[in-house]
Amino acid sequence: MYGGGYIFDKLQDNQVNDDPEKLLLFEERIARGEKIEPRDWMPFDYRRQLIRLIEQHAHSEIIGALPEGTWITRAPGFKRKLALIAKVQDEIGHGQLLYSAAETLGKSRENMINDLLNGKSKYSNVFNYPAETWADVTVIGFLIDAGAIINQITNSKGSYAPYCRALERICYEESFHLKQGHEGLVFLATGTFVQREMLQDALNRWWEPIMHFFGPPDKASVHSEKLMKWKVKMASNDDMRQEFLNTYVPKIWELGLTLPDPKLKKNTETNKWEYTEPNWETFWQVINGNGPCNKERLKVRMWAEEHGRWVRDALKTNQLTQSVPLA
Amino acid sequence: MHSIKNLLYNIADDLLIMGHRHSEWTGLGPILEEDISFSSLAQDKIGLAYQIYKILNETEKEDLPDRIAFLRNESQYRCCQFVELPNGEYDFSLIRHFLFDHAMDLRFRMFGKSNYQPLSFLSRKTAGEMKYHILHADIWIKQLGNNNEISHVRMQKAIEVAFPYSLGMFETFPFEKELIELGIYQGEQEIKISWLEKISMILKEANFNLPDPEKIKPVFGGRTGNHTGFLKPLLEEMNEVYSSDPETEW
Ligand SMILES: [Fe+2]
Ligand SMILES: [Fe+2]
Ligand SMILES: [Fe+2]
C-alpha cells in the first residue's frame with residue numbers, strides 16, 4: 001500500500017570504501033537515466049538504503065492489510081465484502097512482490113520479516129491506528145491508497161530496476177483501489193445521515209495520521225543529497241504532501257465534508273497549500289512503538305510467524321511433483 | 001417447484017460460511033502465498049453463494065441476496081456444522097478446504113447435468129475455478145503428508161477431527177427424494193460415495209489414514225437448523241454493519 005521512504009539509515013560514508021572509479025561510472029549511469037539491475041555494480045550504501053526502503057515498503061503492505069482486514073468479516077453486503085477481500089489480497093500480493101524485489105539485493109524474506117518482528121525495521125506509521133468503524137475502510141481505501149499512489153509513482157521513477165518494475169504493477173492495481181475508495185466515499189457521503197456522520201468522524205480521526213503520512217517537513221528531516229542523486233529518494237516529503245493536498249482535498253470538500261484543520265487552504269499567490277503542522281512529536285512516538293496499535297499489529301504477525309512455522313519447515317523438503325498450471 | 005429451495009439454501013449457506021471462515025485467514029497465513037490463496041478461496045466461495053442466492057431470488061421469489069445472507073438468524077441457516085467450526089490452525093483449515101472442495105466439485109459436476117436450468121448453467125460457469133481449488137488442496141495435502149514427522153502427525157490429527165463433521169455435508173433434508181425423482185440431481189448419497197472414493201485415494205497417496213466411515217457417527221443437524229455455538233457469533237459479526245440499517249444500501 002505505501003512506499004515508506006522517510007526512514008533511512010544514517011549514512012556511514014566511511015563504513016565501506018567503494019572503488020572511486022566504479023562509483024563514478026555508476027553515478028554517470030544514473031545521471032543518464034539508466035536503471036540498475038541486481039547484477040550490476042552498486043555502492044555499498046546504495047544497496048543498504050534500498051534494502052531498507054523496499055523492505056519497509058513490503059512490511060507496510062502486509063501490515064497495512066490488517067486494519068482493513070478486520071472489516072472483511074463485517075463488510076455489509078456481498079459487493080462490499082467481495083471487493084474488500086480482493087483489495088486486501090492485492091495488498092498482500094504487493095508485499096510479496098516487494099519482498100522479492102528486495103531479495104534481489106541480497107536479504108532474504110525470512111530475515112526481513114524477522115527484522116519487522118524484532119522492531120529493527122519499520123513500516124508506515126499510518127497502520128498503527130485502529131479502523132474503528134466501517135467508514136474507516138472507505139477513508140483508508142481512498143486517502144491512504146491515494147497517498148500510497150503518489151509515493152509509489154514517485155518511487156517508480158527511481159534507479160533500481162526490480163523495484164521500479166514491482167511498483168509499476170502495484171500502481172496499476174492501486175489505481176483500482178483508489179476508484180473503489182472514491183466510490184465508497186461518495187456513497188457514504190451521499191447516504192443516510194448516520195452514514196455521513198460516520199464518514200465525517202472517520203475523516204476527523206484519520207486526518208493527522210494522513211498529514212504524517214509523507215514524513216516530517218523537509219526543513220526538519222535530515223537531507224540526503226546522495227540519496228536524491230542516486231535516485232533512491234525521488235521527491236521531498238513536502239512536495240509529495242503538497243501534491244496529495246492539491247489533488248484530494250478538493251475531492252473531499254466538494255462532497256460537503258470537512259477536514260479538521262481551520263488553516264487548511266490553498267494560497268492562490270504561492271499556489272501552495274497552507275496547513276497546521278501536525279504534531280510531529282506524536283509521529284515519532286508512534287514510529288518508536290507507542291502508537292495505539294503497534295503492539296497489536298506485531299502480535300498478529302508474530303502469531304502468523306509462530307503458528308505457520310511448522311508449515312514453512314515442511315516446505316523445506318520439496319515433495320511437490322505436480323506443477324501448477326498458470327491460472 | 002418448492003423443494004429445490006431447500007437444496008439451494010443448503011449449498012449457498014455452506015459456501016457463504018466456508019468463504020467467511022477462509023477470509024479470516026487474511027493476514028495470518030503461514031506464508032504470504034497461502035494468505036493469497038485463502039483469499040481467492042474465500043472470494044470464489046462467497047461469490048458462488050451469492051450466485052445461488054440470486055437464483056433463489058430471481059427464480060424462486062425469495063428475498064434479495066444481501067437480505068437473505070445478512071438478515072437471517074442462525075436457526076434459519078441451513079449450512080452443515082462442518083463449515084461453522086473455527087479455523088483453528090492451518091492443519092485443520094487445510095484439511096477442511098480439501099474435504100469441502102472435493103465434495104463441492106463433485107456436487108457441481110452433478111448439477112451440471114441437472115434439469116433445473118439455473119443450476120446446470122451455474123455449474124458450467126464455475127467448473128474452472130473449482131478445478132484450481134482442488135489442485136491447490138491436493139498439492140498441499142501431499143506436501144504435508146509425505147513430509148516431516150511433525151506435519152504428518154498434525155495433519156493426521158486434523159483429519160480425524162474433521163472427518164465426522166465433513167460427513168455432515170451429506171445430511172439428507174426434506175424433499176431430497178423428490179428432487180432425485182424430478183431429475184434435479186442424484187442425491188447426497190451419490191455425491192458421498194464418489195467423494196469417499198476420491199479423497200481416500202489422495203489421502204492414501206499422501207500416507208494418511210482415513211477413518212472407516214462405517215464406524216464414524218456423522219455430525220448432522222445443520223440441514224434442519226441445528227448448529228454449533230460457533231454460528232451465532234459468526235453471523236452477528238457478519239451482520240453487524242448491515243443490520244444496523246437493513247433498509248438502506250451500503
Ligand atoms: Fe492499495
Ligand atoms: Fe498496496
Ligand atoms: Fe486480487
# chains A, B, ... in the order shown; residues from 1 in each chain; ligands from 1

call {"tool": "residues_around", "arguments": {"residues": "Tyr116 in chain B", "least_positions_apart": "3", "cutoff": "12 Å", "atoms": "only C-alpha atoms", "output": "number ranges by chain"}}
result
B: 1, 3-5, 7-8, 55, 59-60, 110-113, 119-123, 179-180, 182-185

call {"tool": "interface_residues", "arguments": {"of": "chain A", "to": "chain B", "cutoff": "9 Å", "atoms": "only C-alpha atoms", "output": "short mmCIF file (atom, residue, chain, number, x, y, z; two decimals) with N, CA, C and O atoms, in the first residue's frame"}}
result
data_model
loop_
_atom_site.label_atom_id
_atom_site.label_comp_id
_atom_site.auth_asym_id
_atom_site.auth_seq_id
_atom_site.Cartn_x
_atom_site.Cartn_y
_atom_site.Cartn_z
N ILE A 62 1.96 -5.57 4.07
CA ILE A 62 1.34 -6.69 4.80
C ILE A 62 0.76 -6.24 6.13
O ILE A 62 -0.26 -6.75 6.57
N ILE A 63 1.38 -5.24 6.77
CA ILE A 63 0.77 -4.70 7.99
C ILE A 63 -0.44 -3.85 7.61
O ILE A 63 -1.47 -3.85 8.30
N ALA A 65 -2.51 -4.44 5.46
CA ALA A 65 -3.67 -5.30 5.20
C ALA A 65 -4.49 -5.51 6.48
O ALA A 65 -5.66 -5.85 6.41
N LEU A 66 -3.88 -5.29 7.64
CA LEU A 66 -4.56 -5.66 8.89
C LEU A 66 -5.71 -4.74 9.30
O LEU A 66 -6.79 -5.23 9.60
N GLY A 69 -8.35 -5.38 7.01
CA GLY A 69 -8.69 -6.80 7.08
C GLY A 69 -9.67 -7.10 8.19
O GLY A 69 -10.50 -7.99 8.06
N THR A 70 -9.59 -6.34 9.28
CA THR A 70 -10.50 -6.60 10.39
C THR A 70 -11.96 -6.35 10.01
O THR A 70 -12.86 -6.74 10.73
N ILE A 72 -13.25 -7.25 6.94
CA ILE A 72 -13.72 -8.20 5.91
C ILE A 72 -14.91 -8.99 6.42
O ILE A 72 -15.91 -9.14 5.73
N THR A 73 -14.80 -9.47 7.65
CA THR A 73 -15.88 -10.31 8.18
C THR A 73 -17.13 -9.50 8.50
O THR A 73 -18.19 -10.07 8.77
N ARG A 74 -17.01 -8.18 8.51
CA ARG A 74 -18.17 -7.35 8.87
C ARG A 74 -18.69 -6.50 7.71
O ARG A 74 -19.64 -5.72 7.87
N ALA A 75 -18.04 -6.59 6.57
CA ALA A 75 -18.44 -5.75 5.44
C ALA A 75 -19.91 -5.96 5.10
O ALA A 75 -20.37 -7.10 5.02
N PRO A 76 -20.66 -4.88 4.93
CA PRO A 76 -22.11 -5.00 4.73
C PRO A 76 -22.49 -5.32 3.29
O PRO A 76 -22.42 -4.45 2.42
N GLY A 77 -22.90 -6.52 3.04
CA GLY A 77 -23.38 -6.88 1.70
C GLY A 77 -22.30 -7.55 0.86
O GLY A 77 -21.11 -7.38 1.10
N PHE A 78 -22.76 -8.31 -0.12
CA PHE A 78 -21.84 -9.09 -0.95
C PHE A 78 -20.85 -8.22 -1.71
O PHE A 78 -19.67 -8.53 -1.79
N LYS A 79 -21.36 -7.14 -2.28
CA LYS A 79 -20.50 -6.31 -3.12
C LYS A 79 -19.30 -5.79 -2.32
O LYS A 79 -18.16 -5.90 -2.74
N ARG A 80 -19.59 -5.24 -1.15
CA ARG A 80 -18.51 -4.67 -0.32
C ARG A 80 -17.58 -5.75 0.20
O ARG A 80 -16.37 -5.56 0.28
N LYS A 81 -18.17 -6.86 0.58
CA LYS A 81 -17.37 -7.94 1.16
C LYS A 81 -16.39 -8.49 0.12
O LYS A 81 -15.20 -8.62 0.39
N LEU A 82 -16.90 -8.76 -1.07
CA LEU A 82 -16.03 -9.31 -2.11
C LEU A 82 -14.95 -8.32 -2.53
O LEU A 82 -13.79 -8.68 -2.75
N ALA A 83 -15.35 -7.05 -2.64
CA ALA A 83 -14.38 -6.04 -3.06
C ALA A 83 -13.28 -5.88 -2.01
O ALA A 83 -12.10 -5.72 -2.34
N ILE A 85 -12.23 -8.12 0.28
CA ILE A 85 -11.32 -9.28 0.31
C ILE A 85 -10.31 -9.16 -0.84
O ILE A 85 -9.11 -9.36 -0.65
N ALA A 86 -10.81 -8.81 -2.02
CA ALA A 86 -9.92 -8.72 -3.18
C ALA A 86 -8.89 -7.62 -3.00
O ALA A 86 -7.72 -7.77 -3.35
N VAL A 88 -7.70 -6.32 -0.13
CA VAL A 88 -6.69 -6.67 0.88
C VAL A 88 -5.76 -7.76 0.34
O VAL A 88 -4.55 -7.75 0.59
N GLN A 89 -6.32 -8.65 -0.45
CA GLN A 89 -5.49 -9.68 -1.10
C GLN A 89 -4.44 -9.03 -1.99
O GLN A 89 -3.27 -9.44 -1.99
N ASP A 90 -4.85 -8.01 -2.72
CA ASP A 90 -3.87 -7.28 -3.55
C ASP A 90 -2.74 -6.73 -2.70
O ASP A 90 -1.58 -6.78 -3.09
N ILE A 92 -1.53 -7.82 0.12
CA ILE A 92 -0.61 -8.91 0.50
C ILE A 92 0.25 -9.26 -0.71
O ILE A 92 1.46 -9.50 -0.59
N GLY A 93 -0.37 -9.27 -1.88
CA GLY A 93 0.38 -9.55 -3.11
C GLY A 93 1.46 -8.50 -3.36
O GLY A 93 2.55 -8.82 -3.82
N GLY A 95 3.04 -6.93 -1.05
CA GLY A 95 4.11 -7.29 -0.11
C GLY A 95 4.99 -8.37 -0.73
O GLY A 95 6.22 -8.26 -0.73
N GLN A 96 4.35 -9.38 -1.28
CA GLN A 96 5.07 -10.49 -1.88
C GLN A 96 6.00 -10.00 -3.01
O GLN A 96 7.17 -10.36 -3.07
N THR A 133 -14.59 2.12 12.58
CA THR A 133 -15.93 1.89 12.03
C THR A 133 -15.82 1.51 10.56
O THR A 133 -14.74 1.59 9.96
N TRP A 134 -16.94 1.13 10.00
CA TRP A 134 -16.97 0.75 8.58
C TRP A 134 -16.48 1.90 7.69
O TRP A 134 -15.83 1.69 6.68
N GLY A 184 -16.69 4.42 -2.64
CA GLY A 184 -17.17 4.23 -1.27
C GLY A 184 -17.36 5.56 -0.54
O GLY A 184 -18.32 5.73 0.21
N PHE A 187 -20.39 7.29 -1.90
CA PHE A 187 -21.56 6.53 -1.49
C PHE A 187 -21.98 6.89 -0.06
O PHE A 187 -23.14 7.19 0.21
N LEU A 188 -21.02 6.88 0.86
CA LEU A 188 -21.36 7.20 2.26
C LEU A 188 -21.69 8.69 2.40
O LEU A 188 -22.58 9.07 3.16
N GLY A 191 -25.14 9.21 1.45
CA GLY A 191 -26.07 8.23 2.01
C GLY A 191 -26.94 8.81 3.11
O GLY A 191 -27.27 10.00 3.11
N THR A 192 -27.28 7.96 4.08
CA THR A 192 -28.13 8.41 5.17
C THR A 192 -27.35 9.35 6.09
O THR A 192 -26.12 9.44 6.00
N GLN A 195 -24.72 7.42 7.96
CA GLN A 195 -23.57 7.07 7.12
C GLN A 195 -22.64 8.27 6.93
O GLN A 195 -21.42 8.17 6.99
N VAL A 300 -0.14 -9.81 15.70
CA VAL A 300 -0.76 -10.60 14.64
C VAL A 300 0.30 -11.25 13.76
O VAL A 300 0.23 -12.43 13.44
N ARG A 301 1.30 -10.45 13.36
CA ARG A 301 2.38 -11.00 12.53
C ARG A 301 3.14 -12.11 13.28
O ARG A 301 3.55 -13.10 12.70
N TRP A 303 1.90 -14.06 15.52
CA TRP A 303 1.04 -15.26 15.51
C TRP A 303 1.28 -16.02 14.21
O TRP A 303 1.49 -17.24 14.20
N ALA A 304 1.23 -15.29 13.10
CA ALA A 304 1.41 -15.92 11.79
C ALA A 304 2.79 -16.59 11.70
O ALA A 304 2.91 -17.69 11.16
N GLU A 305 3.79 -15.93 12.26
CA GLU A 305 5.14 -16.49 12.25
C GLU A 305 5.20 -17.80 13.02
O GLU A 305 5.65 -18.82 12.54
N GLU A 306 4.71 -17.73 14.25
CA GLU A 306 4.84 -18.88 15.14
C GLU A 306 3.97 -20.05 14.70
O GLU A 306 4.42 -21.19 14.66
N HIS A 307 2.72 -19.73 14.37
CA HIS A 307 1.80 -20.82 14.05
C HIS A 307 2.02 -21.36 12.65
O HIS A 307 1.53 -22.43 12.32
N GLY A 308 2.74 -20.61 11.83
CA GLY A 308 3.00 -21.09 10.47
C GLY A 308 4.35 -21.75 10.32
O GLY A 308 4.69 -22.25 9.25
N ARG A 309 5.11 -21.77 11.40
CA ARG A 309 6.49 -22.27 11.29
C ARG A 309 6.54 -23.73 10.81
O ARG A 309 7.31 -24.08 9.94
N TRP A 310 5.68 -24.56 11.40
CA TRP A 310 5.70 -25.98 11.01
C TRP A 310 5.39 -26.16 9.52
O TRP A 310 5.91 -27.06 8.88
N VAL A 311 4.55 -25.27 9.00
CA VAL A 311 4.22 -25.37 7.57
C VAL A 311 5.44 -25.00 6.73
O VAL A 311 5.79 -25.69 5.77
N ARG A 312 6.10 -23.91 7.13
CA ARG A 312 7.29 -23.50 6.37
C ARG A 312 8.39 -24.55 6.47
O ARG A 312 9.08 -24.82 5.49
N ASP A 313 8.52 -25.16 7.64
CA ASP A 313 9.52 -26.22 7.79
C ASP A 313 9.21 -27.39 6.84
O ASP A 313 10.11 -27.97 6.25
N ALA A 314 7.93 -27.70 6.74
CA ALA A 314 7.54 -28.83 5.90
C ALA A 314 7.75 -28.52 4.41
O ALA A 314 7.75 -29.42 3.58
N LEU A 315 7.91 -27.24 4.08
CA LEU A 315 8.14 -26.89 2.68
C LEU A 315 9.61 -27.03 2.30
O LEU A 315 9.97 -27.02 1.14
N THR A 317 11.65 -29.52 2.55
CA THR A 317 11.89 -30.68 1.70
C THR A 317 10.77 -30.71 0.69
O THR A 317 9.62 -30.91 1.05
N ASN A 318 11.14 -30.51 -0.53
CA ASN A 318 10.09 -30.37 -1.53
C ASN A 318 9.57 -31.72 -2.00
O ASN A 318 10.30 -32.56 -2.48
N GLN A 319 8.27 -31.92 -1.83
CA GLN A 319 7.65 -33.16 -2.28
C GLN A 319 6.79 -32.92 -3.50
O GLN A 319 6.17 -33.83 -4.01
N LEU A 320 6.75 -31.69 -3.91
CA LEU A 320 5.82 -31.37 -4.98
C LEU A 320 6.30 -31.94 -6.30
O LEU A 320 7.34 -31.56 -6.81
N THR A 321 5.55 -32.86 -6.82
CA THR A 321 5.92 -33.43 -8.09
C THR A 321 5.02 -32.89 -9.18
O THR A 321 5.32 -32.95 -10.35
N GLN A 322 3.90 -32.32 -8.74
CA GLN A 322 2.99 -31.75 -9.71
C GLN A 322 3.41 -30.33 -10.01
O GLN A 322 3.89 -29.63 -9.14
N VAL A 324 2.05 -26.60 -11.12
CA VAL A 324 0.79 -25.88 -11.09
C VAL A 324 0.58 -25.16 -12.42
O VAL A 324 1.42 -24.37 -12.82
N PRO A 325 -0.50 -25.46 -13.11
CA PRO A 325 -0.74 -24.71 -14.35
C PRO A 325 -1.02 -23.25 -14.04
O PRO A 325 -1.53 -22.92 -12.98
N ALA A 327 -2.80 -19.87 -13.83
CA ALA A 327 -4.23 -19.52 -13.79
C ALA A 327 -4.58 -18.60 -14.95
O ALA A 327 -3.76 -17.84 -15.40
#

call {"tool": "residues_around", "arguments": {"residues": "Tyr123 in chain A", "least_positions_apart": "2", "cutoff": "6 Å", "atoms": "only C-alpha atoms", "output": "mmCIF file with N, CA, C and O atoms, in the first residue's frame"}}
result
data_model
loop_
_atom_site.group_PDB
_atom_site.id
_atom_site.type_symbol
_atom_site.label_atom_id
_atom_site.label_comp_id
_atom_site.auth_asym_id
_atom_site.auth_seq_id
_atom_site.Cartn_x
_atom_site.Cartn_y
_atom_site.Cartn_z
ATOM 1 N N GLN A 56 10.826 -1.926 4.008
ATOM 2 C CA GLN A 56 9.817 -1.181 4.774
ATOM 3 C C GLN A 56 8.534 -0.999 3.984
ATOM 4 O O GLN A 56 7.435 -1.018 4.528
ATOM 5 N N HIS A 59 6.809 -4.368 4.247
ATOM 6 C CA HIS A 59 6.158 -4.503 5.564
ATOM 7 C C HIS A 59 4.871 -3.679 5.613
ATOM 8 O O HIS A 59 3.874 -4.095 6.175
ATOM 9 N N SER A 60 4.933 -2.480 5.025
ATOM 10 C CA SER A 60 3.756 -1.603 5.051
ATOM 11 C C SER A 60 2.580 -2.252 4.333
ATOM 12 O O SER A 60 1.431 -2.054 4.707
#

call {"tool": "residues_around", "arguments": {"residues": "range 162-178 of chain B", "least_positions_apart": "4", "cutoff": "9 Å", "atoms": "only C-alpha atoms", "output": "short mmCIF file (atom, residue, chain, number, x, y, z; two decimals) with N, CA and C atoms, in the first residue's frame"}}
result
data_model
loop_
_atom_site.label_atom_id
_atom_site.label_comp_id
_atom_site.auth_asym_id
_atom_site.auth_seq_id
_atom_site.Cartn_x
_atom_site.Cartn_y
_atom_site.Cartn_z
N SER B 3 -39.48 -27.53 -3.59
CA SER B 3 -38.49 -28.33 -2.89
C SER B 3 -37.05 -27.95 -3.24
N ILE B 4 -36.84 -27.38 -4.39
CA ILE B 4 -35.49 -27.01 -4.81
C ILE B 4 -34.88 -25.98 -3.86
N ASN B 6 -34.82 -25.86 -0.70
CA ASN B 6 -34.05 -26.49 0.38
C ASN B 6 -32.62 -26.76 -0.05
N LEU B 7 -32.53 -27.36 -1.22
CA LEU B 7 -31.20 -27.70 -1.73
C LEU B 7 -30.36 -26.44 -1.94
N ASN B 10 -29.16 -25.00 1.35
CA ASN B 10 -28.10 -25.82 1.94
C ASN B 10 -26.74 -25.46 1.34
N ASP B 14 -23.65 -23.26 2.98
CA ASP B 14 -22.34 -23.92 3.14
C ASP B 14 -21.24 -23.04 2.55
N CYS B 79 -26.62 -24.36 6.73
CA CYS B 79 -25.28 -24.89 6.49
C CYS B 79 -25.00 -26.06 7.42
N CYS B 80 -24.10 -26.95 7.01
CA CYS B 80 -23.69 -28.03 7.89
C CYS B 80 -22.74 -27.49 8.96
N GLN B 81 -22.67 -28.22 10.06
CA GLN B 81 -21.85 -27.74 11.18
C GLN B 81 -20.36 -27.71 10.83
N PHE B 82 -19.98 -28.53 9.87
CA PHE B 82 -18.59 -28.62 9.43
C PHE B 82 -18.00 -27.25 9.09
N VAL B 83 -18.77 -26.42 8.37
CA VAL B 83 -18.23 -25.13 7.92
C VAL B 83 -18.24 -24.07 9.03
N PHE B 92 -6.04 -27.82 10.32
CA PHE B 92 -7.49 -28.04 10.24
C PHE B 92 -8.10 -27.30 9.06
N ILE B 95 -7.28 -29.12 5.79
CA ILE B 95 -7.99 -30.38 5.56
C ILE B 95 -9.47 -30.09 5.31
N ARG B 96 -9.99 -29.09 5.97
CA ARG B 96 -11.39 -28.75 5.71
C ARG B 96 -11.56 -28.26 4.26
N LEU B 99 -11.47 -31.40 2.07
CA LEU B 99 -12.69 -32.22 2.14
C LEU B 99 -13.88 -31.48 1.53
N PHE B 100 -13.96 -30.21 1.82
CA PHE B 100 -15.09 -29.41 1.35
C PHE B 100 -15.05 -29.22 -0.16
N ALA B 103 -15.95 -32.28 -2.26
CA ALA B 103 -17.39 -32.53 -2.24
C ALA B 103 -18.12 -31.53 -3.14
N LYS B 157 -4.03 -35.87 12.66
CA LYS B 157 -4.95 -35.50 13.76
C LYS B 157 -6.10 -34.64 13.24
N ALA B 158 -5.74 -33.69 12.38
CA ALA B 158 -6.77 -32.79 11.84
C ALA B 158 -7.79 -33.58 11.03
N LEU B 182 -37.33 -35.99 -9.51
CA LEU B 182 -37.56 -34.97 -10.53
C LEU B 182 -36.37 -34.78 -11.47
N GLY B 183 -35.26 -35.48 -11.14
CA GLY B 183 -34.09 -35.36 -12.00
C GLY B 183 -33.30 -34.08 -11.77
N ILE B 184 -33.48 -33.48 -10.60
CA ILE B 184 -32.71 -32.28 -10.28
C ILE B 184 -31.26 -32.67 -9.99
N GLY B 187 -28.78 -36.93 -5.59
CA GLY B 187 -28.90 -37.08 -4.14
C GLY B 187 -27.58 -37.11 -3.40
N GLU B 188 -27.67 -36.93 -2.11
CA GLU B 188 -26.49 -36.77 -1.26
C GLU B 188 -25.63 -38.04 -1.21
N GLN B 189 -26.31 -39.21 -1.14
CA GLN B 189 -25.56 -40.47 -1.05
C GLN B 189 -24.63 -40.66 -2.24
N ILE B 191 -23.24 -38.40 -4.11
CA ILE B 191 -22.09 -37.49 -4.02
C ILE B 191 -21.11 -38.04 -2.99
N LYS B 192 -21.67 -38.52 -1.88
CA LYS B 192 -20.81 -39.02 -0.80
C LYS B 192 -19.97 -40.20 -1.27
N LEU B 210 -7.64 -42.53 6.35
CA LEU B 210 -8.98 -42.01 6.50
C LEU B 210 -9.72 -42.95 7.44
N PRO B 211 -10.34 -42.43 8.50
CA PRO B 211 -11.09 -43.30 9.41
C PRO B 211 -12.18 -44.05 8.63
N PRO B 213 -15.49 -44.91 7.44
CA PRO B 213 -16.74 -44.15 7.51
C PRO B 213 -17.88 -44.94 8.15
N ILE B 216 -17.90 -44.33 11.91
CA ILE B 216 -17.93 -42.95 12.37
C ILE B 216 -19.35 -42.44 12.41
N LYS B 217 -19.67 -41.74 13.48
CA LYS B 217 -21.01 -41.15 13.56
C LYS B 217 -20.95 -39.74 12.96
N PRO B 218 -21.65 -39.54 11.84
CA PRO B 218 -21.59 -38.22 11.19
C PRO B 218 -22.21 -37.14 12.08
N VAL B 219 -21.69 -35.95 11.99
CA VAL B 219 -22.27 -34.85 12.77
C VAL B 219 -23.33 -34.16 11.91
N PHE B 220 -24.56 -34.46 12.20
CA PHE B 220 -25.69 -33.90 11.45
C PHE B 220 -26.34 -32.77 12.25
N GLY B 221 -27.32 -32.16 11.65
CA GLY B 221 -28.09 -31.13 12.36
C GLY B 221 -28.23 -29.85 11.57
N GLY B 222 -27.18 -29.52 10.84
CA GLY B 222 -27.16 -28.24 10.11
C GLY B 222 -28.33 -28.05 9.16
N ARG B 223 -28.69 -29.13 8.47
CA ARG B 223 -29.75 -29.01 7.45
C ARG B 223 -31.13 -28.80 8.04
N THR B 224 -31.24 -29.01 9.36
CA THR B 224 -32.53 -28.72 10.00
C THR B 224 -32.43 -27.49 10.91
#

call {"tool": "closest_residue", "arguments": {"among": "A:Glu208, A:Glu269, A:Glu174, A:Glu254", "to": "Thr190 in chain A", "atoms": "only C-alpha atoms"}}
result
A:Glu254

call {"tool": "atom_distance", "arguments": {"atom1": "CA of Gly225 in chain B", "atom2": "CA of Gly88 in chain B"}}
result
23.3 Å

call {"tool": "residues_around", "arguments": {"residues": "range 226-235 of chain A", "least_positions_apart": "4", "cutoff": "10 Å", "atoms": "only C-alpha atoms", "output": "number ranges by chain"}}
result
A: 5-6, 8, 11, 26-31, 33, 35, 43, 45-47, 49-50, 53, 151, 153-160, 239-240

call {"tool": "residues_near_ligand", "arguments": {"ligand": "ligand 1", "cutoff": "8 Å", "atoms": "only C-alpha atoms and all ligand atoms", "output": "MDAnalysis selection string"}}
result
chainID A and resid 1:2 87:88 90:91 141 144:145 148 173:175 177:178

call {"tool": "select_by_dssp", "arguments": {"residues": "range 5-44 of chain B", "states": "helix (DSSP H, G or I)", "output": "ChimeraX atom specification"}}
result
/B:5-23,32-44
